[in-house]
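Read the structure below first, then the notes.
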Amino acid sequence: MAGVDAPEAPHFGKPGQPGAEEARLWLENKVLGKRVWCQLVYRDQYKRTVAVPHLPYPLIPCWISRGRNLSLLMLSAGWAEVYTQANAEYGDAGKAAHDRAEEQAK
């Protein structure tokens with residue numbers, strides 16, 4: 001997800017970060033069984049697709065409105081922090097919107 005740094009689950013023999021399971025469950029609750037529209041941003045150095053996911057509004061086609069920015073929702077819910085490393089991308093919302101969403105959670 002572009003613009004956010006969420007706690008990581010255990011992988012490659014490393015322990016998970018605090019809050020990783022809770023953040024995963026929050027995200028799963030938001031998207032499982034729902035359509036998600038993604039604004040593709042770029043591929044990172046590991047060839048992963050980085051995108052801004054949007055949850056479309058019910059009954060409104062995505063070409064009229066992209067819906068709710070899931071990155072901003074995750075930040076404002078307190079399950080992630082703004083990603084500030086080199087080459088950070090934030091999609092159309094921009095970094096200022098991400099900073100405001102993170103501030104809401106505090």
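A note on labels: chains of the structure tokens are A, B, ... as shown, every chain counts residues from 1, and ligands are counted from 1 in their shown order.
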Can you tell me, as a ChimeraX atom specification, which residues in segment 30-92 of chain A count as alpha helix (DSSP H) by DSSP? /A:30-31,70-76
So that I have them on file, write out the residues from the current selection with C-alpha atoms, as a PDB file, in the first residue's frame.
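What follows is the written file part08.pdb:
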```pdb
ATOM      1  CA  LYS A  30     -12.416  -3.759   5.458  1.00  0.00           C
ATOM      2  CA  VAL A  31     -11.711  -5.631   2.193  1.00  0.00           C
ATOM      3  CA  LEU A  70      -7.892   2.708   2.204  1.00  0.00           C
ATOM      4  CA  SER A  71      -4.383   3.999   2.979  1.00  0.00           C
ATOM      5  CA  LEU A  72      -5.886   7.110   4.598  1.00  0.00           C
ATOM      6  CA  LEU A  73      -8.480   5.021   6.469  1.00  0.00           C
ATOM      7  CA  MET A  74      -5.743   2.771   7.865  1.00  0.00           C
ATOM      8  CA  LEU A  75      -3.709   5.787   8.979  1.00  0.00           C
ATOM      9  CA  SER A  76      -6.652   7.532  10.639  1.00  0.00           C
TER      10      SER A  76
END
```
Near segment 84-104 of chain A, 12 Å: segment 29-78 of chain A residue rows, closest pairs, only C-alpha atoms, as JSON lines:
```
{"residue": "A:Cys38", "atom": "CA", "partner": "A:Gly91", "partner_atom": "CA", "distance": 10.3}
{"residue": "A:Gln39", "atom": "CA", "partner": "A:Gly91", "partner_atom": "CA", "distance": 7.4}
{"residue": "A:Leu40", "atom": "CA", "partner": "A:Gly91", "partner_atom": "CA", "distance": 8.3}
{"residue": "A:Val41", "atom": "CA", "partner": "A:Gly91", "partner_atom": "CA", "distance": 6.5}
{"residue": "A:Tyr42", "atom": "CA", "partner": "A:Glu89", "partner_atom": "CA", "distance": 8.5}
{"residue": "A:Arg43", "atom": "CA", "partner": "A:Glu89", "partner_atom": "CA", "distance": 10.9}
{"residue": "A:Asp44", "atom": "CA", "partner": "A:Asn87", "partner_atom": "CA", "distance": 9.0}
{"residue": "A:Gln45", "atom": "CA", "partner": "A:Asn87", "partner_atom": "CA", "distance": 10.4}
{"residue": "A:Thr49", "atom": "CA", "partner": "A:Glu89", "partner_atom": "CA", "distance": 12.0}
{"residue": "A:Val50", "atom": "CA", "partner": "A:Glu89", "partner_atom": "CA", "distance": 8.5}
{"residue": "A:Ala51", "atom": "CA", "partner": "A:Gly91", "partner_atom": "CA", "distance": 7.7}
{"residue": "A:Val52", "atom": "CA", "partner": "A:Gly91", "partner_atom": "CA", "distance": 6.3}
{"residue": "A:Pro53", "atom": "CA", "partner": "A:Gly91", "partner_atom": "CA", "distance": 9.8}
{"residue": "A:His54", "atom": "CA", "partner": "A:Gly91", "partner_atom": "CA", "distance": 11.1}
{"residue": "A:Arg66", "atom": "CA", "partner": "A:Asp92", "partner_atom": "CA", "distance": 11.0}
{"residue": "A:Arg68", "atom": "CA", "partner": "A:Ala93", "partner_atom": "CA", "distance": 11.0}
{"residue": "A:Asn69", "atom": "CA", "partner": "A:Ala93", "partner_atom": "CA", "distance": 8.4}
{"residue": "A:Leu70", "atom": "CA", "partner": "A:His98", "partner_atom": "CA", "distance": 11.0}
{"residue": "A:Ser71", "atom": "CA", "partner": "A:His98", "partner_atom": "CA", "distance": 8.0}
{"residue": "A:Leu72", "atom": "CA", "partner": "A:Ala101", "partner_atom": "CA", "distance": 5.8}
{"residue": "A:Leu73", "atom": "CA", "partner": "A:Ala101", "partner_atom": "CA", "distance": 7.5}
{"residue": "A:Met74", "atom": "CA", "partner": "A:Ala101", "partner_atom": "CA", "distance": 8.5}
{"residue": "A:Leu75", "atom": "CA", "partner": "A:Glu102", "partner_atom": "CA", "distance": 4.9}
{"residue": "A:Ser76", "atom": "CA", "partner": "A:Ala101", "partner_atom": "CA", "distance": 4.5}
{"residue": "A:Ala77", "atom": "CA", "partner": "A:Gln104", "partner_atom": "CA", "distance": 8.1}
{"residue": "A:Gly78", "atom": "CA", "partner": "A:Glu102", "partner_atom": "CA", "distance": 6.9}
```
From A:Leu27, A:Ala20, A:Leu59, A:Leu32, residue lying nearest Ala6 of chain A [only C-alpha atoms]: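 When distances to Ala6 of chain A are compared using only C-alpha atoms, the smallest one comes from A:Ala20.
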What separation in Å, quoted to one decimal, exists between atom CA of Glu22 of chain A and atom CA of Val82 of chain A? 17.7 Å
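Rounded to one decimal, atom CA of Arg35 of chain A and atom CA of Pro56 of chain A lie 7.2 Å from each other.
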Let me make sure I understand: among A:Tyr83, A:Pro18, A:Lys47, A:Pro58, which one has the smallest atom-to-atom distance to Ala2 of chain A if we use only C-alpha atoms? A:Tyr83
Taking only chain A into account, list the residues labelled strand (DSSP E or B) by DSSP (computed from the backbone), as a ChimeraX atom specification. /A:4-5,11,14,37-43,49-55,68-69,81-82
Just give me the gap between atom CA of Ala23 of chain A and atom CA of Ser65 of chain A in Å, one decimal is fine. 26.2 Å
12 Å contact set for Glu21 of chain A, only C-alpha atoms, chain neighbours under 5 positions out, as a list in words: Ala6, Pro7, Glu8, Ala9, Pro10, Pro15, Gly16, Trp26, Leu27, Glu28 and Trp79 of chain A
